[in-house]
Structure formats: C-alpha cells, structure tokens
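Shown next: structure.cif, given as mmCIF, C-alpha atoms.
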data_coords
loop_
_atom_site.label_atom_id
_atom_site.label_comp_id
_atom_site.auth_asym_id
_atom_site.auth_seq_id
_atom_site.Cartn_x
_atom_site.Cartn_y
_atom_site.Cartn_z
CA MET A 1 -44.57 18.26 -22.53
CA LYS A 2 -41.82 19.43 -20.29
CA HIS A 3 -39.52 16.62 -19.16
CA LEU A 4 -39.12 16.72 -15.44
CA LEU A 5 -36.08 15.25 -13.82
CA LEU A 6 -36.72 11.88 -12.28
CA ARG A 7 -35.61 11.10 -8.79
CA ARG A 8 -34.06 7.72 -8.18
CA ARG A 9 -36.38 7.27 -5.23
CA ASP A 10 -39.41 7.62 -7.50
CA THR A 11 -37.91 5.22 -9.99
CA GLU A 12 -37.36 2.64 -7.27
CA ALA A 13 -40.92 3.08 -6.04
CA VAL A 14 -42.35 2.53 -9.50
CA MET A 15 -40.26 -0.56 -10.04
CA ASP A 16 -41.29 -2.02 -6.72
CA GLY A 17 -44.93 -1.56 -7.64
CA SER A 18 -45.66 1.09 -5.01
CA PRO A 19 -48.58 3.34 -5.95
CA VAL A 20 -47.59 6.76 -7.30
CA ALA A 21 -49.40 9.97 -6.46
CA GLU A 22 -52.05 11.38 -8.75
CA GLY A 23 -50.53 13.68 -11.37
CA SER A 24 -47.04 12.31 -10.85
CA PRO A 25 -44.74 12.41 -13.90
CA LEU A 26 -44.45 8.65 -13.59
CA ASP A 27 -48.15 8.03 -13.69
CA GLY A 28 -48.09 6.69 -17.22
CA VAL A 29 -45.01 4.60 -16.55
CA ASP A 30 -46.66 3.10 -13.48
CA ALA A 31 -49.71 2.09 -15.50
CA PHE A 32 -47.50 0.62 -18.19
CA LEU A 33 -45.50 -1.45 -15.70
CA THR A 34 -48.69 -2.64 -14.03
CA GLY A 35 -49.95 -3.83 -17.38
CA MET A 36 -46.62 -5.50 -18.00
CA ARG A 37 -46.87 -7.38 -14.71
CA SER A 38 -50.38 -8.55 -15.39
CA GLU A 39 -49.72 -9.59 -18.97
CA PHE A 40 -46.32 -11.24 -18.72
CA ALA A 41 -45.54 -11.95 -15.06
CA ALA A 42 -48.88 -13.60 -14.37
CA MET A 43 -48.92 -15.83 -17.42
CA PRO A 44 -49.95 -19.40 -16.85
CA ALA A 45 -47.14 -21.89 -16.92
CA PRO A 46 -46.91 -23.37 -20.42
CA ALA A 47 -47.56 -27.04 -20.92
CA PRO A 48 -44.27 -28.87 -20.36
CA ARG A 49 -42.67 -30.68 -23.27
CA PRO A 50 -42.50 -34.51 -23.06
CA THR A 51 -39.05 -34.76 -21.48
CA LEU A 52 -39.86 -32.17 -18.86
CA ALA A 53 -43.26 -33.72 -18.27
CA ALA A 54 -41.54 -37.03 -17.57
CA THR A 55 -39.31 -35.27 -15.07
CA LEU A 56 -42.25 -33.60 -13.36
CA ASP A 57 -44.13 -36.89 -13.16
CA GLY A 58 -41.19 -38.66 -11.63
CA ARG A 59 -40.71 -40.94 -14.65
CA ARG A 60 -37.33 -39.48 -15.37
CA GLU A 61 -34.78 -39.44 -12.61
CA LEU A 62 -32.93 -36.30 -11.71
CA ARG A 63 -29.26 -36.13 -12.35
CA PRO A 64 -27.23 -36.88 -9.24
CA ALA A 65 -25.49 -34.01 -7.60
CA SER A 66 -22.09 -33.29 -8.95
CA GLY A 67 -20.82 -32.89 -5.40
CA PRO A 68 -18.48 -30.31 -4.05
CA VAL A 69 -15.78 -29.28 -6.42
CA PRO A 70 -12.48 -30.48 -5.01
CA LYS A 71 -10.02 -27.76 -4.48
CA PRO A 72 -6.81 -28.25 -6.40
CA THR A 73 -4.01 -29.17 -4.10
CA PHE A 74 -0.56 -27.83 -4.64
CA PRO A 75 2.56 -29.08 -2.96
CA GLU A 76 3.65 -26.86 -0.15
CA ARG A 77 6.24 -24.37 -1.17
CA LYS A 78 9.54 -24.98 0.46
CA PRO A 79 11.20 -21.95 1.92
CA ARG A 80 13.97 -20.83 -0.33
CA VAL A 81 15.71 -18.72 2.27
CA GLY A 82 18.38 -21.39 2.82
CA LEU A 83 19.56 -21.22 -0.79
CA ARG A 84 19.89 -17.48 -0.95
CA PRO A 85 23.20 -17.08 0.93
CA VAL A 86 24.77 -19.85 -1.14
CA VAL A 87 23.66 -18.22 -4.38
CA ALA A 88 24.87 -14.82 -3.17
CA VAL A 89 28.32 -16.17 -2.22
CA PHE A 90 28.62 -18.01 -5.51
CA ALA A 91 27.61 -14.96 -7.56
CA THR A 92 30.00 -12.68 -5.65
CA GLY A 93 32.85 -15.14 -6.12
CA ALA A 94 32.15 -15.46 -9.84
CA VAL A 95 32.10 -11.72 -10.34
CA LEU A 96 35.28 -11.22 -8.33
CA PHE A 97 37.15 -14.01 -10.06
CA GLY A 98 36.04 -12.80 -13.48
CA GLY A 99 37.12 -9.26 -12.76
CA LEU A 100 40.54 -10.31 -11.53
CA ALA A 101 40.99 -12.64 -14.48
CA THR A 102 40.09 -9.90 -16.94
CA ALA A 103 42.52 -7.53 -15.27
CA GLY A 104 45.24 -10.20 -15.22
CA ALA A 105 45.55 -9.80 -11.48
CA LEU A 106 45.20 -13.45 -10.55
CA PRO A 107 48.26 -15.39 -9.37
CA ALA A 108 50.33 -16.37 -12.36
CA PRO A 109 49.54 -20.10 -12.53
CA VAL A 110 45.85 -19.47 -11.98
CA GLN A 111 45.82 -16.67 -14.53
CA ARG A 112 47.57 -18.85 -17.10
CA THR A 113 45.21 -21.73 -16.54
CA THR A 114 42.21 -19.45 -16.68
CA ALA A 115 43.40 -17.80 -19.87
CA ASP A 116 44.05 -21.16 -21.49
CA LEU A 117 40.66 -22.46 -20.52
CA GLY A 118 39.00 -19.25 -21.66
CA SER A 119 40.71 -19.31 -25.04
CA HIS A 120 39.05 -22.63 -25.75
CA VAL A 121 35.63 -21.08 -25.49
CA GLY A 122 36.49 -17.84 -27.23
CA ILE A 123 37.23 -15.74 -24.14
CA HIS A 124 40.64 -14.19 -24.41
CA LEU A 125 42.28 -13.25 -21.18
CA PRO A 126 45.76 -11.93 -20.58
CA GLY A 127 48.47 -14.25 -19.34
CA GLY A 128 47.76 -17.19 -21.63
CA THR A 129 50.51 -19.45 -22.87
CA ALA A 130 49.23 -20.57 -26.23
CA VAL A 131 50.22 -18.12 -28.94
CA HIS A 132 50.03 -19.49 -32.45
CA ALA A 133 53.25 -19.22 -34.30
CA GLY A 134 53.07 -17.61 -37.68
CA SER A 135 49.68 -16.15 -37.28
CA GLY A 136 51.08 -12.86 -38.44
CA ASN A 137 49.55 -10.76 -35.77
CA GLY A 138 52.37 -10.93 -33.26
CA GLY A 139 50.55 -13.23 -30.91
CA ALA A 140 48.34 -10.52 -29.56
CA PRO A 141 45.58 -11.81 -27.39
CA GLY A 142 42.23 -11.76 -28.93
CA ARG A 143 43.46 -12.21 -32.45
CA GLY A 144 44.15 -15.89 -32.40
CA HIS A 145 43.86 -18.38 -35.15
CA ARG A 146 42.79 -18.12 -38.64
CA ASP A 147 40.38 -20.66 -39.85
CA PRO A 148 42.28 -22.87 -42.24
CA HIS A 149 39.05 -23.78 -44.00
CA PRO A 150 36.94 -20.69 -44.27
CA ARG A 151 33.48 -21.00 -45.70
CA PRO A 152 32.92 -19.88 -49.23
CA THR A 153 31.69 -16.36 -49.40
CA THR A 154 28.15 -15.68 -50.45
CA GLY A 155 26.98 -13.46 -53.24
CA SER A 156 26.58 -10.48 -50.99
CA THR A 157 30.29 -10.35 -50.29
CA PRO A 158 32.01 -7.68 -52.39
CA ARG A 159 34.18 -9.14 -55.07
CA THR A 160 37.87 -8.61 -55.15
CA SER A 161 39.53 -6.78 -57.98
CA ALA A 162 41.24 -9.86 -59.36
CA PRO A 163 41.20 -9.94 -63.17
CA ARG A 164 38.81 -12.40 -64.62
CA PRO A 165 40.19 -15.08 -66.88
CA THR A 166 39.83 -14.41 -70.53
CA THR A 167 39.43 -18.05 -71.41
CA SER A 168 36.20 -19.84 -71.39
CA PRO A 169 35.28 -21.23 -67.98
CA SER A 170 34.30 -24.47 -69.59
CA THR A 171 37.80 -25.19 -70.78
CA VAL A 172 39.91 -24.06 -67.85
CA PRO A 173 38.77 -25.02 -64.38
CA ILE A 174 38.92 -22.11 -62.01
CA THR A 175 39.48 -22.82 -58.37
CA PRO A 176 37.43 -20.49 -56.23
CA ARG A 177 39.59 -18.10 -54.37
CA SER A 178 37.74 -18.56 -51.21
CA THR A 179 38.50 -22.26 -51.04
CA VAL A 180 42.22 -21.91 -51.41
CA ALA A 181 43.82 -22.58 -48.09
CA VAL A 182 46.35 -19.96 -47.13
CA PRO A 183 49.08 -21.72 -45.27
CA PRO A 184 50.90 -19.94 -42.54
CA ASN A 185 54.35 -18.65 -43.16
CA LEU A 186 56.11 -21.71 -44.36
CA PRO A 187 59.82 -21.91 -44.93
CA THR A 188 60.59 -20.92 -48.46
CA VAL A 189 61.88 -23.58 -50.79
CA PRO A 190 63.91 -22.56 -53.81
CA THR A 191 61.90 -23.26 -56.87
CA LEU A 192 62.82 -23.42 -60.47
CA PRO A 193 61.59 -20.74 -62.72
CA VAL A 194 58.67 -21.89 -64.75
CA PRO A 195 59.49 -21.69 -68.43
CA ILE A 196 57.31 -19.60 -70.57
CA PRO A 197 56.34 -21.62 -73.58
CA ARG A 198 57.33 -19.91 -76.76
CA PRO A 199 55.31 -20.21 -79.90
CA SER A 200 56.67 -22.34 -82.62
CA LEU A 201 58.23 -20.43 -85.49
CA THR A 202 56.48 -22.48 -88.05
CA THR A 203 53.01 -22.88 -86.66
CA GLY A 204 52.72 -20.08 -84.06
CA VAL A 205 51.08 -22.49 -81.66
CA ILE A 206 52.27 -22.77 -78.13
CA PRO A 207 53.16 -26.35 -77.45
CA ALA A 208 51.38 -27.34 -74.33
CA PRO A 209 52.79 -30.14 -72.24
CA SER A 210 50.49 -33.04 -72.23
CA SER A 211 51.47 -34.35 -68.82
CA PRO A 212 53.56 -33.38 -65.77
CA LEU A 213 56.18 -35.92 -66.80
CA GLN A 214 56.61 -34.27 -70.14
CA LEU A 215 57.00 -30.91 -68.44
CA LYS A 216 59.62 -32.36 -66.17
CA ASP A 217 61.56 -33.78 -69.12
CA ARG A 218 61.40 -30.48 -70.92
CA LEU A 219 62.73 -28.66 -67.90
CA ARG A 220 65.64 -31.05 -67.66
CA SER A 221 66.49 -30.93 -71.28
CA GLU A 222 66.09 -27.22 -71.92
CA LEU A 223 66.71 -25.28 -68.78
CA LEU A 224 69.11 -27.24 -66.64
CA PRO A 225 71.94 -27.30 -69.17
CA LYS A 226 71.65 -23.54 -69.55
CA GLN A 227 71.82 -22.93 -65.84
CA LEU A 228 74.75 -25.22 -65.40
CA THR A 229 76.61 -23.50 -68.17
CA PRO A 230 78.97 -20.90 -66.70
CA MET B 1 -54.14 0.69 -19.81
CA GLY B 2 -56.89 -1.55 -18.58
CA THR B 3 -57.31 -2.75 -15.07
CA PRO B 4 -54.83 -5.49 -14.43
CA GLN B 5 -56.37 -8.88 -13.89
CA PRO B 6 -53.88 -11.52 -12.90
CA ARG B 7 -54.63 -14.68 -14.77
CA ALA B 8 -52.36 -17.05 -12.94
CA LYS B 9 -51.35 -17.14 -9.33
CA THR B 10 -48.23 -18.53 -7.85
CA PRO B 11 -49.24 -21.75 -6.14
CA ALA B 12 -48.92 -21.87 -2.41
CA PRO B 13 -46.00 -23.96 -1.24
CA LEU B 14 -46.80 -27.33 0.19
CA ASP B 15 -44.56 -26.62 3.15
CA GLY B 16 -41.72 -24.22 3.49
CA PHE B 17 -39.49 -23.77 0.47
CA PRO B 18 -36.60 -25.80 1.91
CA GLU B 19 -38.91 -28.78 2.39
CA VAL B 20 -40.28 -28.46 -1.12
CA LEU B 21 -36.79 -28.27 -2.48
CA ALA B 22 -35.72 -31.32 -0.54
CA GLN B 23 -38.72 -33.28 -1.79
CA ALA B 24 -38.09 -32.19 -5.36
CA ARG B 25 -34.50 -33.36 -5.09
CA ASP B 26 -35.83 -36.75 -4.06
CA GLY B 27 -37.98 -36.76 -7.19
CA SER B 28 -41.33 -36.04 -5.59
CA PRO B 29 -43.74 -35.15 -8.45
CA PRO B 30 -45.86 -32.64 -6.47
CA ALA B 31 -42.77 -30.77 -5.31
CA CYS B 32 -41.31 -30.68 -8.85
CA GLN B 33 -44.67 -29.54 -10.17
CA TRP B 34 -44.86 -26.77 -7.60
CA LEU B 35 -41.36 -25.54 -8.42
CA TYR B 36 -42.24 -25.51 -12.10
CA GLU B 37 -45.54 -23.71 -11.75
CA SER B 38 -44.17 -21.13 -9.33
CA VAL B 39 -41.71 -19.66 -11.85
CA ALA B 40 -42.53 -21.06 -15.30
CA GLY B 41 -45.14 -18.41 -16.13
CA ARG B 42 -42.73 -15.58 -15.38
CA VAL B 43 -39.98 -17.29 -17.34
CA ALA B 44 -42.25 -17.78 -20.33
CA GLY B 45 -43.31 -14.11 -20.16
CA TYR B 46 -39.69 -12.98 -19.94
CA LEU B 47 -38.71 -15.12 -22.92
CA ARG B 48 -41.71 -13.95 -24.92
CA LEU B 49 -40.99 -10.29 -24.20
CA HIS B 50 -37.46 -10.76 -25.48
CA GLY B 51 -38.59 -12.31 -28.72
CA ALA B 52 -37.61 -15.92 -28.14
CA HIS B 53 -38.27 -18.09 -31.18
CA GLU B 54 -40.38 -20.69 -29.36
CA PRO B 55 -40.94 -19.36 -25.83
CA ASP B 56 -42.79 -22.40 -24.54
CA ASP B 57 -40.17 -24.82 -25.84
CA LEU B 58 -37.43 -22.67 -24.41
CA THR B 59 -39.21 -22.57 -21.06
CA SER B 60 -39.24 -26.36 -21.00
CA GLU B 61 -35.55 -26.35 -21.88
CA VAL B 62 -34.85 -23.94 -19.03
CA PHE B 63 -36.60 -26.18 -16.52
CA LEU B 64 -34.93 -29.30 -17.82
CA ARG B 65 -31.64 -27.63 -16.96
CA VAL B 66 -33.06 -26.53 -13.62
CA PHE B 67 -34.13 -30.03 -12.63
CA ASP B 68 -30.95 -31.57 -13.93
CA HIS B 69 -28.92 -29.36 -11.61
CA LEU B 70 -31.42 -29.13 -8.78
CA ARG B 71 -29.27 -31.21 -6.48
CA ASP B 72 -26.46 -28.70 -6.87
CA PHE B 73 -28.63 -25.75 -5.89
CA GLU B 74 -28.50 -24.32 -2.37
CA GLY B 75 -30.62 -21.38 -1.28
CA GLU B 76 -34.00 -19.87 -0.56
CA GLU B 77 -36.96 -19.18 -2.81
CA ALA B 78 -35.68 -15.80 -3.98
CA GLY B 79 -32.33 -17.35 -4.78
CA PHE B 80 -34.07 -20.13 -6.68
CA ARG B 81 -35.94 -17.62 -8.83
CA SER B 82 -32.75 -15.70 -9.48
CA TRP B 83 -30.98 -18.96 -10.43
CA VAL B 84 -33.78 -19.96 -12.81
CA PHE B 85 -33.64 -16.57 -14.51
CA THR B 86 -29.87 -16.82 -14.85
CA ILE B 87 -30.36 -20.05 -16.79
CA ALA B 88 -33.18 -18.48 -18.81
CA HIS B 89 -31.04 -15.44 -19.64
CA ARG B 90 -28.21 -17.64 -20.94
CA LEU B 91 -30.50 -19.84 -22.98
CA LEU B 92 -32.14 -16.73 -24.41
CA ILE B 93 -28.76 -15.48 -25.59
CA ASP B 94 -28.14 -18.86 -27.22
CA ASP B 95 -31.57 -18.69 -28.83
CA HIS B 96 -30.86 -15.25 -30.27
CA ARG B 97 -27.60 -16.55 -31.69
CA ARG B 98 -29.40 -19.48 -33.27
CA GLN B 99 -32.03 -17.14 -34.71
CA SER B 100 -29.38 -14.91 -36.25
CA ARG B 101 -27.97 -17.92 -38.11
CA ARG B 102 -31.34 -19.29 -39.10
CA PRO B 103 -33.32 -17.95 -42.07
CA LYS B 104 -36.18 -15.81 -40.82
CA THR B 105 -39.75 -16.93 -41.26
CA VAL B 106 -42.81 -14.73 -41.37
CA GLU B 107 -45.87 -15.78 -39.45
CA LEU B 108 -49.11 -15.67 -41.38
CA SER B 109 -51.19 -15.05 -38.31
CA GLY B 110 -50.89 -12.05 -35.99
CA PRO B 111 -47.79 -11.81 -33.89
CA MET B 112 -49.42 -12.45 -30.54
CA THR B 113 -52.96 -13.58 -31.21
CA ASP B 114 -52.09 -17.20 -31.76
CA ARG B 115 -50.07 -17.41 -28.59
CA VAL B 116 -52.86 -16.65 -26.18
CA SER B 117 -55.20 -19.47 -25.53
CA GLY B 118 -58.33 -19.34 -23.52
CA GLY B 119 -62.04 -19.76 -23.64
CA ASN B 120 -62.96 -16.10 -24.03
CA ALA B 121 -62.13 -14.85 -27.48
CA GLU B 122 -62.71 -11.20 -26.64
CA ALA B 123 -60.56 -11.31 -23.53
CA ASP B 124 -57.86 -13.14 -25.45
CA ALA B 125 -57.91 -10.49 -28.16
CA MET B 126 -57.60 -7.76 -25.55
CA HIS B 127 -54.65 -9.51 -23.98
CA ALA B 128 -53.01 -9.90 -27.37
CA ILE B 129 -53.41 -6.21 -28.12
CA GLU B 130 -52.04 -5.26 -24.73
CA GLN B 131 -49.08 -7.60 -25.10
CA ASN B 132 -48.31 -6.25 -28.56
CA HIS B 133 -48.37 -2.70 -27.25
CA ILE B 134 -46.03 -3.53 -24.37
CA SER B 135 -43.65 -5.37 -26.67
CA GLU B 136 -43.56 -2.46 -29.12
CA VAL B 137 -42.84 0.11 -26.42
CA LEU B 138 -40.12 -2.01 -24.84
CA ALA B 139 -38.55 -2.65 -28.23
CA ASP B 140 -37.66 1.05 -28.40
CA LEU B 141 -35.49 0.83 -25.29
CA ALA B 142 -31.83 -0.03 -25.29
CA PRO B 143 -31.33 -3.81 -24.93
CA GLU B 144 -29.69 -3.56 -21.51
CA GLN B 145 -32.39 -1.23 -20.20
CA ARG B 146 -35.06 -3.58 -21.51
CA GLU B 147 -33.31 -6.51 -19.86
CA VAL B 148 -33.18 -4.80 -16.49
CA LEU B 149 -36.81 -3.67 -16.62
CA THR B 150 -38.14 -7.08 -17.63
CA LEU B 151 -36.12 -8.92 -15.02
CA ARG B 152 -37.27 -6.53 -12.34
CA VAL B 153 -40.92 -6.37 -13.35
CA VAL B 154 -41.65 -9.75 -14.93
CA GLY B 155 -39.06 -11.76 -13.03
CA ASP B 156 -39.80 -9.91 -9.78
CA LEU B 157 -36.11 -9.80 -8.97
CA THR B 158 -34.37 -7.27 -6.76
CA VAL B 159 -31.62 -5.00 -8.00
CA GLU B 160 -29.01 -7.30 -6.45
CA GLN B 161 -30.51 -10.37 -8.10
CA VAL B 162 -30.66 -8.65 -11.49
CA ALA B 163 -27.03 -7.66 -11.06
CA GLU B 164 -26.21 -11.30 -10.37
CA VAL B 165 -28.14 -12.55 -13.39
CA LEU B 166 -26.58 -10.04 -15.77
CA GLY B 167 -23.14 -10.12 -14.25
CA LYS B 168 -23.13 -6.39 -13.58
CA SER B 169 -22.60 -4.26 -10.52
CA ARG B 170 -25.49 -3.06 -8.40
CA GLY B 171 -24.79 0.55 -9.37
CA ALA B 172 -24.77 -0.29 -13.06
CA VAL B 173 -28.14 -2.00 -12.77
CA LYS B 174 -29.61 0.95 -10.87
CA SER B 175 -28.31 3.33 -13.49
CA LEU B 176 -29.75 1.22 -16.32
CA GLN B 177 -33.05 1.01 -14.52
CA HIS B 178 -33.22 4.79 -14.02
CA ARG B 179 -32.38 5.52 -17.64
CA GLY B 180 -34.81 2.86 -18.78
CA ILE B 181 -37.66 4.41 -16.82
CA ALA B 182 -36.79 7.86 -18.20
CA ALA B 183 -36.74 6.51 -21.76
CA LEU B 184 -40.00 4.70 -21.17
CA ARG B 185 -41.63 7.87 -19.92
CA ARG B 186 -40.45 9.81 -22.97
CA ARG B 187 -41.73 7.07 -25.25
CA LEU B 188 -45.14 6.97 -23.57
CA GLU B 189 -45.44 10.76 -23.66
CA GLU B 190 -44.65 10.81 -27.36
CA ALA B 191 -47.34 8.22 -27.99
CA THR B 192 -49.92 10.18 -26.01
CA PRO B 193 -51.80 12.62 -28.28
#
Whole structure given in structure tokens:
Amino acid sequence: MKHLLLRRRDTEAVMDGSPVAEGSPLDGVDAFLTGMRSEFAAMPAPAPRPTLAATLDGRRELRPASGPVPKPTFPERKPRVGLRPVVAVFATGAVLFGGLATAGALPAPVQRTTADLGSHVGIHLPGGTAVHAGSGNGGAPGRGHRDPHPRPTTGSTPRTSAPRPTTSPSTVPITPRSTVAVPPNLPTVPTLPVPIPRPSLTTGVIPAPSSPLQLKDRLRSELLPKQLTP
Amino acid sequence: MGTPQPRAKTPAPLDGFPEVLAQARDGSPPACQWLYESVAGRVAGYLRLHGAHEPDDLTSEVFLRVFDHLRDFEGEEAGFRSWVFTIAHRLLIDDHRRQSRRPKTVELSGPMTDRVSGGNAEADAMHAIEQNHISEVLADLAPEQREVLTLRVVGDLTVEQVAEVLGKSRGAVKSLQHRGIAALRRRLEEATP
C-alpha cells in the first residue's frame, strides 16, 4: 500500500479522539487508538493494597505538608566601587616603583635600601651595597654568594673526570667531592712540603706513619735539618 | 477492532475538584476514594501497557506517594492527573531498573488472561486478546513514541502535560507523537492481509 504523508492536523485529530472520515489513511490507527482507550484507559481501579486502603479509609493519616521551601538568603553584596581607586593607585605605584628600582633610577639612598632588601629575597637590583668579598665574580650583581654547603649531587649529575682511586674503597675512606667545602680565597700560608715516603731498601715496604705525632717527629728529624743546612 | 465498550467510568466529583481536594487533604475517606478511583484505572492501564512487573502493586505505590504529598499539591483536576502520571512515570522507570537486575520469571498462564477478572469468561477472553494485540503492536514502536502515545491516549493528557511529565519540549512531544502515529499506521498496514 502506498504510504501517504500524514498531516500534523490529522495526527492531532486522531489523538484527541475526533472521528476521522471514511477511507482516511488514519482509519486503522483511529480504530486501534479507540480500542486502546477502551481497554486500558477505562480499566477499573485495582483493589488498593493494605497500606493504601488504610489511607483511603482514613485509618492512616496523611503526611503533613512540607510547607513552602524557604529561599536561601545571602548577605547583601557590598558595593566594591570604593576599593577600586585605592587598588588602582596602589598597583600603579608598585609598578612605577619597581620599574624605577630595576632601572636604578631611584634616589641613591632609596635605591640602595631597595637593592639591599631585594637581595635578601633573591631580587638583585643595581645600587646595592653588599658585595661579597672573594666570591670570585667581581661583585657583579646577580651573581652573589656561593652556597658553602651545597647538596650532594644525585646520580643523574654527570661525573667529573677525576681519576678513581686504585685502592679498595673499604680500606681507604673517600670523602665525596661534593661535600668538600670550598673556602673562599683565603690568605695563603706557607706549608712544608709533604715528604714522600721511600720504600725501605731491605723490605721494599713503605713505612706508613701510625699517627700524626709520628709524622710530625719524622718531619722534624729528617727534613728540618736538611732545610736549615746551607 | 471491536466496538469499544467502556468498562469503568470516572466517578462524578462530589463537589468541584478544589473542594474534593481540600476534603482529601483533611483525610476525608470519600474524597480520597474519589481521587483514587478517578485516575487509578488509567494509571494501572498505563503501567500494564509498559510492562510493569506487578501493575496493581505499582498503582498502589503510586497513590501512596500521591496521598503522602497531597498537601503539597496545588492545581486543578487536569494538573492533578498530570502530577499523578509524573509519579507513575518515575516509579515505572524504577520498576524497569529493578526488573533488569532481577532474574526473569516465566508465567505459566497466558500473558494477559489471568489479569482480567470478571464474571463473563467470554468477554474476559476477548478483552485479553484485544489487550495482547495492542501490547504487541505498541511494543514495535520506539520507547519514546510509545510513551507519548500511551500518555496521550490512556492518560488523557494534553501535549503540554505530556511534555511536563517526560521533561521534554512541546515541539519534541509533537514530533514524537507524529512519528509514532506514522509508525503505528505502517505497522497496522503490514499486519493487514
């Protein structure tokens, strides 16, 4: 059968239960919906279950009304217009002061104070007074101190090309390089040359000093007379 | 299709609907009874058409909710029917969810024959056959189309009320209704030899 296009008006009429014309394409649908109304819309009310029956008989009281839902109240918003000029003036002043301080264009005492204060928090500005002596970088701003106690490097750090000790690590304690504090340029103190222990002619074994006192005695007895000799 | 013979009539209101509603809120048994009998048959038919597990139990559950919240309801008779069907629609969804989790059981008797009670066995059998036929035809429609058609025909709701029950726009409901009717016509034409 050829399917004719349905008009929405006809659909509405069928749904409302209006009679359709004889031979209408919705004739069968109309009969079906009429049957549906008679079979399902006109069913007798089923017998109520005990709880509902008690409600219908008035033996069970209805739940009291929950009442109107209170609207949530919010505190009135205060106008913020009064704070805006203050914030704007403060922000403008901060930007201006920062720019002048970075350029070193503040008056000298203010610039010095600002630079000193900034250096404490890691901001290096020109015109500061505190330059660490002996830092080795000429006191340039921005390259301040060296940490006297740097953290030990992790495994990802590339190793230096220092030769590894040939002795067993269990016998000679090795101080990690990273934990050795590098002092700043200290005044040099004349030191005595450290004697190189020579192997004994008989045994071929290098006599190792057993204690610092023994080393000191050996230095006195062996080296000092030689140096004093013209 | 046979000639439709309505088997249950909506009872006449005692007074106007607002008075009945006010009396029911005060716990008057006749008013509560009238409210129940005016819509319960349609609700049971709607639930049965949508395959509710126990339509009569679910109808009682719907009306327990209705009476529990009756003092919060404000509106006319049409609004009351729309409100009742909104509750029925939500409980039906819950029932379908419960059914999907529950192991399915097969009834030994016919699907509809045991649900129709009456004194006339022949008439009851005819009703059962008719109801089975309607259920089978509607089962071929898309769920949303079936929902709109049943709410409009069985629930006797307007397009606006159906839109409110289903939470859809008026245009969407009209479109679903139009497509549902077209699908229904195709289905009926295919069944006709």
Using the chain letters and numbers from the file, which residues does the PyMOL selection byres ((chain B) within 8 of (chain A)) grab, as an NGL selection string? :B and (1-9 or 25 or 27-30 or 32-33 or 36-37 or 39-42 or 44-46 or 49 or 56-57 or 59-61 or 63-64 or 67-72 or 127 or 130-131 or 134 or 152-155 or 177-178 or 181-182 or 184-186 or 188-189)
Atomic distance CA of Glu19 in chain B - CA of Leu166 in chain B, expressed in Å with one decimal: 28.9 Å
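Evaluated against the shown file, the PyMOL selection byres ((chain B and resi 96) around 12) gives Leu47, His50, Gly51, Ala52, His53, Glu54, Pro55, Leu58, His89, Arg90, Leu91, Leu92, Ile93, Asp94, Asp95, Arg97, Arg98, Gln99, Ser100, Arg101, Arg102 and Lys104 of chain B.
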